[in-house]
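I have placed the structure first, in the form of structure tokens, so that the comments after it can refer back to it.
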Amino acid sequence: MASKRFTLKALAEITNSKLIGDEKHEISGVNSLEAANTNDASFLANSRYEEAMKKSNAGVICVNHSTLVFEKKNFLISDDPSRAFQKIAELIISAESISGFEDIHPTAIIHPSAKIGKNVNIGPYVVIDRNAHVENNTKIYSHTYIGPNVKIGSFCIIYSNVSIRESSQIGNRVIIQPGAVIGSCGFGFVCDKDGKYQKLQQLGFVVIEDDVEIGANTTIDRARFNHTLIKKGSKIDNLVQIAHNVEIGENNAIAAQTGISGSSKTGKNVILGGQVGIAGHLKLSDNVMVGAQSGISKNLEEGKYRGTPAAPISEWNREYVLQRKLYSYVDRIKKLEAKIEELEKEN
Amino acid sequence: MASKRFTLKALAEITNSKLIGDEKHEISGVNSLEAANTNDASFLANSRYEEAMKKSNAGVICVNHSTLVFEKKNFLISDDPSRAFQKIAELIISAESISGFEDIHPTAIIHPSAKIGKNVNIGPYVVIDRNAHVENNTKIYSHTYIGPNVKIGSFCIIYSNVSIRESSQIGNRVIIQPGAVIGSCGFGFVCDKDGKYQKLQQLGFVVIEDDVEIGANTTIDRARFNHTLIKKGSKIDNLVQIAHNVEIGENNAIAAQTGISGSSKTGKNVILGGQVGIAGHLKLSDNVMVGAQSGISKNLEEGKYRGTPAAPISEWNREYVLQRKLYSYVDRIKKLEAKIEELEKEN
Amino acid sequence: MASKRFTLKALAEITNSKLIGDEKHEISGVNSLEAANTNDASFLANSRYEEAMKKSNAGVICVNHSTLVFEKKNFLISDDPSRAFQKIAELIISAESISGFEDIHPTAIIHPSAKIGKNVNIGPYVVIDRNAHVENNTKIYSHTYIGPNVKIGSFCIIYSNVSIRESSQIGNRVIIQPGAVIGSCGFGFVCDKDGKYQKLQQLGFVVIEDDVEIGANTTIDRARFNHTLIKKGSKIDNLVQIAHNVEIGENNAIAAQTGISGSSKTGKNVILGGQVGIAGHLKLSDNVMVGAQSGISKNLEEGKYRGTPAAPISEWNREYVLQRKLYSYVDRIKKLEAKIEELEKEN
């Protein structure tokens, strides 16, 4: 894997750290304390991991000034070891992962009416449709389709094979993993008297605010009217379904394979575990936390919930314990019945 | 968003409606009664919403002849206000959303043996393989792959980044949202005595009948032999899994993230909620309705079902109520035990 | 569908079988015993199906030497009828399904630093990035993106619209269905004191060993450090989510829409049903089997499990039976209460 090598002397300068150890030692990778070998840099994120640090074979460990260092190991001491490590990681690994296709690839098809900002990177075979805008410093990977009237802010990363349909509006620093679909038609039909479904035109669009991340192969439907909205800072994992007219509040974290039905809304800082299902037209308050695989069928006030249909976590725990003991209660009922029979005979 | 503007006079003519109000007022958008502003057209779908109509700020409201109209608001009166509204929506919004790439884009690669009908629209970087047929008036968006021997009917819309593998047969007026996969290999293996899996060649194909809609990133596997079949008029939401040899009946509605295992069949007008799972080789009768997140492990007669394993909805409701009260029954058992002990002492 | 026709005489030679029947009869398709017509070949996989064989309308049936053959039907007798049938299927159906785009299509973009082996087939509009390696006899379909530093072994099939991000390492004979995403960023964030999420750079990669199959639109995330690992021979169905740092053991079978959270590990020959969810940092032993829709929240020893949270199958069965009878136990409690009241009165 490794391609670049840096001496500890060089890394100390680059990360503005004080070096304890062998300045000629070379680093060509990064890893966790447990898995690092002598060619790897690692870091101590938290004093809880000091024991792992002592056992680590890392070629150098980024630590802060209060960490007790010792001989035989190499250390880079700084105010912010996490940032120092990140810098090293970017030097070594990110360099490796950079695409060989820079600037705007000659095979990218950009409609004459589209507007592209400065320092935008557009990969091979990208298609950008009529009247789309892409702002400065955004990067779009191969085979991605940007539909008509789509707006994409600055410093975004849109990976390969993404489809962004017409009129979607995407903020700044948004990351969209490969294969995601933004702006597909909402699942809206009317059933006629013969049981046949007629499609309702989905006339709205999708708005994704700043600093959102959308996972691989996740789907976000356009609204019937108005917009489906993902507010700033929210992070959505892979294979998640966001239906038409949903509103996701600020700084939500939504784990993989969760589905949110039409017109439901979440508050700020909501956390949804994986494979959660939320019915339509519901409201989840700020700070709601929902355990994995739960099914939400009514509005939720702030708190933790679990189960299908979801209950407050304390109720769920109580019921779960009782259910696992059902057989013992049945036994107790049988014993009571026997005793009653005995008593009845005696009477 | 808005780009085109129409006076109410013009809209009255276009929609063949009678105008009550200011014929010079201009409309540049469409919206629901609640959300519309003075530049938006809206419509009264149902007399239930008359209260919303009275409060609406819409610039014009499409209504039928029996609606009570009043001053200070603008109305377009016609026999079919829903159709009138749809026409306005198409004028304003759909115009905006039309791709700037028309006809057959020069970068589309069409194998010499493929046959393409009249008035077909093929986007940039579409690939159409050997012996595929695409009939008249169908539209295929960028980066979609149409495999060998695939047949696609007329008036279909196939969005971007769709993969349709070999020999799939698709009817007329079928809509396929972005990222969907049609004709992937069924999950068929035999396990040998060493626990290793050998792939069973998946020799069948997928048939999708007329007027079906397939959601974004949904997957429909080809059959081992014969075909996997989606009958006419059925609507399938995003991220749904349809396994090999499944048969979906006419006019089904299948919500997002549901999965149907190999060789199961549904009747007509079946409705499946989101995240439902159906085991293999089962049969669901006509008009079955299954609640979200349910798990189906046996054949179902006509009716409503819920839960995992699914039960008729009335049974599920009864059990759910009892389960939520389990703690109270445990209390009652404890009280009985105390009383029995008391009675035993007395005897 | 059919395009090629073969006489039974020709098929007997090609499959090295003994023909009983009409050597001039022509075959142009393959099918199961039940569905085959007189133009189809079929086969008897197991003596259990002899009744189906007798009723079959197949034009010829591949059987082994111990099968009782009879007049009026055509048979191809060999040591391995399954293999003979497979050969016929490949002649007839696979021929049909072969892409018309051979070798390396002129529109494939291959970075000058990438290395491509012999007899590699690269479809239209494939993009292969910096320093990627593709070994001999591998086939890559249209619109697939192979990122920088990716290694792909020999005899692999990578279907259309697949995204394989940087540094992924893929073994030999791996099959990846359309739309799958390999190497997307893990869902890793730290929440700061204001409730905002900061992205943790995902510095690891994905390793897929030999003979693995990955389903359509399945997503496999790269690791934070180190790698996410799919060991040899494992088969993963459609729409499955494999999170960062997961390790899937050898010869697992993982059904559609299952999700495995970060850093969990499975042993050898583990079988997971559809829509299963597995929490993070867990370990499933060799030979664990988990029923569909189950939720796993703790480590599992060898055995069969079902439910959410999952229990050993025998416990789950016991609880399920009791739950379905809850109403009867409640009735018994009520009767006991009435009798006790009676007894108390009498005392």
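FYI, nothing fancy with the structure tokens labels: chains A, B, ... in order, residues from 1 per chain, ligands from 1 as they appear.
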Notebook entry, point to check: Neighbours of Asp79 of chain C within 12 Å (only C-alpha atoms; same-chain residues fewer than 2 positions away dropped), as a PyMOL selection string?
Noted result: chain C and resi 15-18+45+62-67+76-77+81-85
The selected residues should be written to file as a short mmCIF file (atom, residue, chain, number, x, y, z; two decimals), in the first residue's frame (atoms: N, CA, C and O atoms).
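Output contents, as saved in out37.cif:
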```
data_model
loop_
_atom_site.label_atom_id
_atom_site.label_comp_id
_atom_site.auth_asym_id
_atom_site.auth_seq_id
_atom_site.Cartn_x
_atom_site.Cartn_y
_atom_site.Cartn_z
N THR C 15 -21.96 -32.96 -24.53
CA THR C 15 -22.02 -33.23 -23.08
C THR C 15 -21.48 -34.61 -22.74
O THR C 15 -21.52 -35.02 -21.58
N ASN C 16 -20.97 -35.31 -23.75
CA ASN C 16 -20.41 -36.63 -23.51
C ASN C 16 -21.42 -37.55 -22.83
O ASN C 16 -21.12 -38.25 -21.86
N SER C 17 -22.67 -37.53 -23.34
CA SER C 17 -23.76 -38.32 -22.76
C SER C 17 -24.23 -39.37 -23.77
O SER C 17 -24.00 -39.25 -24.98
N LYS C 18 -24.91 -40.39 -23.24
CA LYS C 18 -25.56 -41.38 -24.10
C LYS C 18 -26.99 -40.91 -24.36
O LYS C 18 -27.72 -40.58 -23.42
N ALA C 45 -32.11 -33.50 -10.83
CA ALA C 45 -31.03 -33.20 -9.88
C ALA C 45 -31.00 -34.24 -8.77
O ALA C 45 -29.96 -34.51 -8.18
N CYS C 62 -31.61 -34.56 -18.76
CA CYS C 62 -30.30 -35.10 -18.38
C CYS C 62 -30.47 -35.93 -17.11
O CYS C 62 -30.99 -35.42 -16.11
N VAL C 63 -30.04 -37.18 -17.16
CA VAL C 63 -30.18 -38.07 -16.00
C VAL C 63 -28.87 -38.82 -15.81
O VAL C 63 -27.98 -38.79 -16.65
N ASN C 64 -28.76 -39.53 -14.65
CA ASN C 64 -27.56 -40.37 -14.47
C ASN C 64 -27.89 -41.83 -14.79
O ASN C 64 -29.04 -42.16 -15.12
N HIS C 65 -26.90 -42.70 -14.70
CA HIS C 65 -27.04 -44.07 -15.19
C HIS C 65 -28.05 -44.88 -14.40
O HIS C 65 -28.60 -45.86 -14.89
N SER C 66 -28.32 -44.48 -13.15
CA SER C 66 -29.24 -45.27 -12.33
C SER C 66 -30.70 -44.86 -12.51
O SER C 66 -31.59 -45.49 -11.94
N THR C 67 -30.93 -43.82 -13.28
CA THR C 67 -32.33 -43.39 -13.47
C THR C 67 -33.05 -44.33 -14.44
O THR C 67 -32.50 -44.71 -15.47
N LEU C 76 -30.61 -37.78 -21.89
CA LEU C 76 -29.15 -37.75 -22.04
C LEU C 76 -28.56 -38.31 -20.75
O LEU C 76 -28.70 -37.71 -19.68
N ILE C 77 -27.93 -39.49 -20.88
CA ILE C 77 -27.46 -40.21 -19.69
C ILE C 77 -25.96 -39.97 -19.52
O ILE C 77 -25.18 -40.17 -20.45
N PRO C 81 -25.31 -35.47 -14.55
CA PRO C 81 -26.34 -34.82 -15.36
C PRO C 81 -26.45 -33.31 -15.08
O PRO C 81 -26.84 -32.54 -15.96
N SER C 82 -26.08 -32.91 -13.86
CA SER C 82 -26.14 -31.50 -13.52
C SER C 82 -25.12 -30.72 -14.37
O SER C 82 -25.42 -29.66 -14.92
N ARG C 83 -23.92 -31.29 -14.51
CA ARG C 83 -22.90 -30.64 -15.31
C ARG C 83 -23.28 -30.65 -16.80
O ARG C 83 -23.06 -29.66 -17.52
N ALA C 84 -23.86 -31.77 -17.24
CA ALA C 84 -24.29 -31.85 -18.65
C ALA C 84 -25.32 -30.76 -18.94
O ALA C 84 -25.24 -30.05 -19.94
N PHE C 85 -26.26 -30.60 -18.02
CA PHE C 85 -27.30 -29.58 -18.18
C PHE C 85 -26.68 -28.18 -18.20
O PHE C 85 -27.04 -27.32 -19.00
#
```
Which residues of chain C come within 6 Å of chain A, and what is each one's closest atom pair and distance in Å (one decimal), counting only C-alpha atoms, sorted by chain and residue number, as a tab-separated table?
```
residue	atom	partner	partner_atom	distance
C:Asp129	CA	A:Gly100	CA	5.9
C:Arg130	CA	A:Gly100	CA	4.8
C:Pro148	CA	A:Ser99	CA	5.8
C:Glu166	CA	A:Ser97	CA	5.4
C:Lys196	CA	A:Asn251	CA	5.9
C:Phe225	CA	A:Asn31	CA	5.6
```
Test item, alpha helix (DSSP H) assignment across segment 39-247 of chain B, answer as a short mmCIF file (atom, residue, chain, number, x, y, z; two decimals) with N, CA and C atoms, in the first residue's frame:
```cif
data_model
loop_
_atom_site.label_atom_id
_atom_site.label_comp_id
_atom_site.auth_asym_id
_atom_site.auth_seq_id
_atom_site.Cartn_x
_atom_site.Cartn_y
_atom_site.Cartn_z
N GLU B 50 -62.05 22.66 2.31
CA GLU B 50 -62.56 24.01 2.06
C GLU B 50 -62.06 25.02 3.09
N GLU B 51 -61.87 24.55 4.33
CA GLU B 51 -61.37 25.46 5.35
C GLU B 51 -59.96 25.94 5.00
N ALA B 52 -59.12 24.96 4.56
CA ALA B 52 -57.75 25.31 4.13
C ALA B 52 -57.81 26.25 2.94
N MET B 53 -58.79 26.04 2.06
CA MET B 53 -58.93 26.91 0.89
C MET B 53 -59.21 28.35 1.32
N LYS B 54 -60.08 28.50 2.32
CA LYS B 54 -60.44 29.86 2.76
C LYS B 54 -59.23 30.60 3.32
N LYS B 55 -58.35 29.86 4.01
CA LYS B 55 -57.17 30.48 4.63
C LYS B 55 -55.99 30.61 3.67
N PRO B 81 -60.81 20.19 -11.64
CA PRO B 81 -59.79 21.14 -11.15
C PRO B 81 -58.43 20.46 -10.95
N SER B 82 -58.44 19.16 -10.67
CA SER B 82 -57.19 18.45 -10.46
C SER B 82 -56.39 18.42 -11.76
N ARG B 83 -57.10 18.15 -12.88
CA ARG B 83 -56.42 18.13 -14.17
C ARG B 83 -55.97 19.53 -14.59
N ALA B 84 -56.80 20.54 -14.27
CA ALA B 84 -56.43 21.92 -14.59
C ALA B 84 -55.14 22.29 -13.87
N PHE B 85 -55.09 21.93 -12.59
CA PHE B 85 -53.90 22.20 -11.79
C PHE B 85 -52.67 21.48 -12.36
N GLN B 86 -52.87 20.22 -12.71
CA GLN B 86 -51.78 19.41 -13.27
C GLN B 86 -51.20 20.09 -14.52
N LYS B 87 -52.10 20.63 -15.35
CA LYS B 87 -51.65 21.31 -16.57
C LYS B 87 -50.80 22.53 -16.24
N ILE B 88 -51.23 23.29 -15.22
CA ILE B 88 -50.46 24.47 -14.81
C ILE B 88 -49.10 24.03 -14.28
N ALA B 89 -49.12 22.96 -13.47
CA ALA B 89 -47.86 22.46 -12.90
C ALA B 89 -46.89 22.06 -14.01
N ALA B 95 -41.49 22.24 -17.07
CA ALA B 95 -40.67 22.92 -18.07
C ALA B 95 -39.27 23.11 -17.52
N GLU B 96 -39.22 23.51 -16.24
CA GLU B 96 -37.94 23.73 -15.57
C GLU B 96 -37.09 22.48 -15.50
N SER B 97 -37.77 21.34 -15.37
CA SER B 97 -37.04 20.13 -15.02
C SER B 97 -36.62 19.33 -16.23
#
```
Might you pull out every residue within 10 Å of Lys283 of chain C, with only C-alpha atoms counted and same-chain residues fewer than 5 positions away left off, and present them as a short mmCIF file (atom, residue, chain, number, x, y, z; two decimals) with N, CA and C atoms, in the first residue's frame?
```cif
data_model
loop_
_atom_site.label_atom_id
_atom_site.label_comp_id
_atom_site.auth_asym_id
_atom_site.auth_seq_id
_atom_site.Cartn_x
_atom_site.Cartn_y
_atom_site.Cartn_z
N GLU C 247 -15.42 -7.88 9.93
CA GLU C 247 -14.76 -9.03 9.31
C GLU C 247 -15.77 -10.14 9.12
N SER C 263 -17.07 -3.02 13.15
CA SER C 263 -16.12 -3.83 13.91
C SER C 263 -16.65 -5.18 14.36
N SER C 264 -17.85 -5.59 13.94
CA SER C 264 -18.32 -6.93 14.29
C SER C 264 -17.65 -7.97 13.39
N LYS C 265 -17.54 -9.20 13.93
CA LYS C 265 -16.84 -10.27 13.22
C LYS C 265 -17.69 -11.53 13.19
N THR C 266 -17.67 -12.25 12.06
CA THR C 266 -18.34 -13.54 12.00
C THR C 266 -17.30 -14.64 11.75
N GLY C 267 -17.60 -15.84 12.29
CA GLY C 267 -16.72 -16.99 12.08
C GLY C 267 -16.96 -17.62 10.71
N ILE C 278 -27.08 -6.55 13.04
CA ILE C 278 -26.07 -6.94 14.03
C ILE C 278 -25.42 -5.68 14.56
N LYS C 298 -25.62 -9.20 21.22
CA LYS C 298 -24.51 -9.74 22.02
C LYS C 298 -23.80 -10.85 21.24
N ASN C 299 -22.63 -11.25 21.74
CA ASN C 299 -21.88 -12.31 21.06
C ASN C 299 -22.69 -13.60 21.01
N LEU C 300 -22.51 -14.38 19.95
CA LEU C 300 -23.27 -15.64 19.81
C LEU C 300 -22.32 -16.82 19.66
N GLU C 301 -22.55 -17.85 20.49
CA GLU C 301 -21.87 -19.14 20.33
C GLU C 301 -22.56 -19.92 19.22
#
```
Checklist line | Contacts of Gln202 of chain C at 10 Å (only C-alpha atoms; same-chain gap of 5+ positions) as a ChimeraX atom specification | finding: /A:89,93-94 /C:183-189,221-226,244
Selection export as a PDB file, in the first residue's frame, atoms kept: C-alpha atoms:
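File result34.pdb, as written:
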```
ATOM      1  CA  ALA A  89      -2.405  10.545   7.790  1.00  0.00           C
ATOM      2  CA  ILE A  93      -2.602   7.866   3.000  1.00  0.00           C
ATOM      3  CA  SER A  94      -4.651  10.591   1.454  1.00  0.00           C
TER       4      SER A  94
ATOM      5  CA  GLY C 183     -14.917   1.287  -0.054  1.00  0.00           C
ATOM      6  CA  SER C 184     -17.363   4.069   0.823  1.00  0.00           C
ATOM      7  CA  CYS C 185     -16.457   6.044   3.971  1.00  0.00           C
ATOM      8  CA  GLY C 186     -17.326   4.398   7.275  1.00  0.00           C
ATOM      9  CA  PHE C 187     -19.973   6.217   9.332  1.00  0.00           C
ATOM     10  CA  GLY C 188     -17.486   7.692  11.814  1.00  0.00           C
ATOM     11  CA  PHE C 189     -17.937  11.027  13.513  1.00  0.00           C
ATOM     12  CA  ASP C 221     -17.503   0.627   3.934  1.00  0.00           C
ATOM     13  CA  ARG C 222     -13.758   1.148   4.218  1.00  0.00           C
ATOM     14  CA  ALA C 223     -12.174   0.889   7.674  1.00  0.00           C
ATOM     15  CA  ARG C 224     -11.199   3.800   9.913  1.00  0.00           C
ATOM     16  CA  PHE C 225      -7.762   2.163  10.102  1.00  0.00           C
ATOM     17  CA  ASN C 226      -6.750  -1.246   8.767  1.00  0.00           C
ATOM     18  CA  HIS C 244     -16.296  -0.160   8.657  1.00  0.00           C
TER      19      HIS C 244
END
```
Notebook entry, point to check: Which polymer residues have any atom within 7 Å of an atom of Ile116 of chain A, counting only C-alpha atoms, with same-chain residues fewer than 4 positions away left out, as a ChimeraX atom specification?
Noted result: /A:133-135
Output N, CA, C and O atoms for every residue in the selection just made, as a PDB file, in the first residue's frame.
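selection-v9.pdb, freshly written:
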```pdb
ATOM      1  N   HIS A 133     -25.714  24.687 -11.371  1.00  0.00           N
ATOM      2  CA  HIS A 133     -24.609  25.508 -10.867  1.00  0.00           C
ATOM      3  C   HIS A 133     -23.757  24.656  -9.941  1.00  0.00           C
ATOM      4  O   HIS A 133     -24.297  23.989  -9.053  1.00  0.00           O
ATOM      5  N   VAL A 134     -22.454  24.724 -10.122  1.00  0.00           N
ATOM      6  CA  VAL A 134     -21.537  24.061  -9.189  1.00  0.00           C
ATOM      7  C   VAL A 134     -20.554  25.120  -8.720  1.00  0.00           C
ATOM      8  O   VAL A 134     -19.869  25.734  -9.546  1.00  0.00           O
ATOM      9  N   GLU A 135     -20.502  25.331  -7.399  1.00  0.00           N
ATOM     10  CA  GLU A 135     -19.657  26.429  -6.895  1.00  0.00           C
ATOM     11  C   GLU A 135     -18.208  25.995  -6.677  1.00  0.00           C
ATOM     12  O   GLU A 135     -17.854  24.837  -6.880  1.00  0.00           O
TER      13      GLU A 135
END
```
Picked from segment 67-130 of chain A by DSSP as strand (DSSP E), as a PDB file with N, CA and C atoms, in the first residue's frame:
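Everything below was put into out33.pdb:
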```pdb
ATOM      1  N   PHE A  75       8.180   9.558  20.189  1.00  0.00           N
ATOM      2  CA  PHE A  75       6.968  10.349  20.463  1.00  0.00           C
ATOM      3  C   PHE A  75       7.035  11.696  19.749  1.00  0.00           C
ATOM      4  N   LEU A  76       5.885  12.147  19.285  1.00  0.00           N
ATOM      5  CA  LEU A  76       5.735  13.510  18.791  1.00  0.00           C
ATOM      6  C   LEU A  76       4.791  14.235  19.745  1.00  0.00           C
ATOM      7  N   ILE A  77       5.328  15.205  20.488  1.00  0.00           N
ATOM      8  CA  ILE A  77       4.565  15.868  21.551  1.00  0.00           C
ATOM      9  C   ILE A  77       4.042  17.212  21.034  1.00  0.00           C
ATOM     10  N   ILE A 109     -19.404  16.100 -19.665  1.00  0.00           N
ATOM     11  CA  ILE A 109     -20.331  16.835 -20.533  1.00  0.00           C
ATOM     12  C   ILE A 109     -21.051  17.867 -19.685  1.00  0.00           C
ATOM     13  N   ILE A 110     -20.799  19.117 -19.974  1.00  0.00           N
ATOM     14  CA  ILE A 110     -21.383  20.213 -19.192  1.00  0.00           C
ATOM     15  C   ILE A 110     -22.252  21.027 -20.142  1.00  0.00           C
ATOM     16  N   LYS A 115     -23.326  26.581 -14.941  1.00  0.00           N
ATOM     17  CA  LYS A 115     -22.264  27.468 -14.453  1.00  0.00           C
ATOM     18  C   LYS A 115     -21.361  26.709 -13.487  1.00  0.00           C
ATOM     19  N   ILE A 116     -20.060  26.708 -13.766  1.00  0.00           N
ATOM     20  CA  ILE A 116     -19.102  25.962 -12.953  1.00  0.00           C
ATOM     21  C   ILE A 116     -18.130  26.953 -12.327  1.00  0.00           C
ATOM     22  N   ASN A 121     -13.388  20.275  -9.613  1.00  0.00           N
ATOM     23  CA  ASN A 121     -12.799  19.059 -10.163  1.00  0.00           C
ATOM     24  C   ASN A 121     -13.936  18.177 -10.668  1.00  0.00           C
ATOM     25  N   ILE A 122     -13.972  17.909 -11.949  1.00  0.00           N
ATOM     26  CA  ILE A 122     -15.070  17.113 -12.523  1.00  0.00           C
ATOM     27  C   ILE A 122     -14.486  15.909 -13.251  1.00  0.00           C
ATOM     28  N   VAL A 127     -21.926  14.025 -16.160  1.00  0.00           N
ATOM     29  CA  VAL A 127     -22.873  14.769 -16.995  1.00  0.00           C
ATOM     30  C   VAL A 127     -23.552  15.840 -16.144  1.00  0.00           C
ATOM     31  N   ILE A 128     -23.462  17.078 -16.566  1.00  0.00           N
ATOM     32  CA  ILE A 128     -24.080  18.204 -15.847  1.00  0.00           C
ATOM     33  C   ILE A 128     -25.085  18.853 -16.788  1.00  0.00           C
TER      34      ILE A 128
END
```
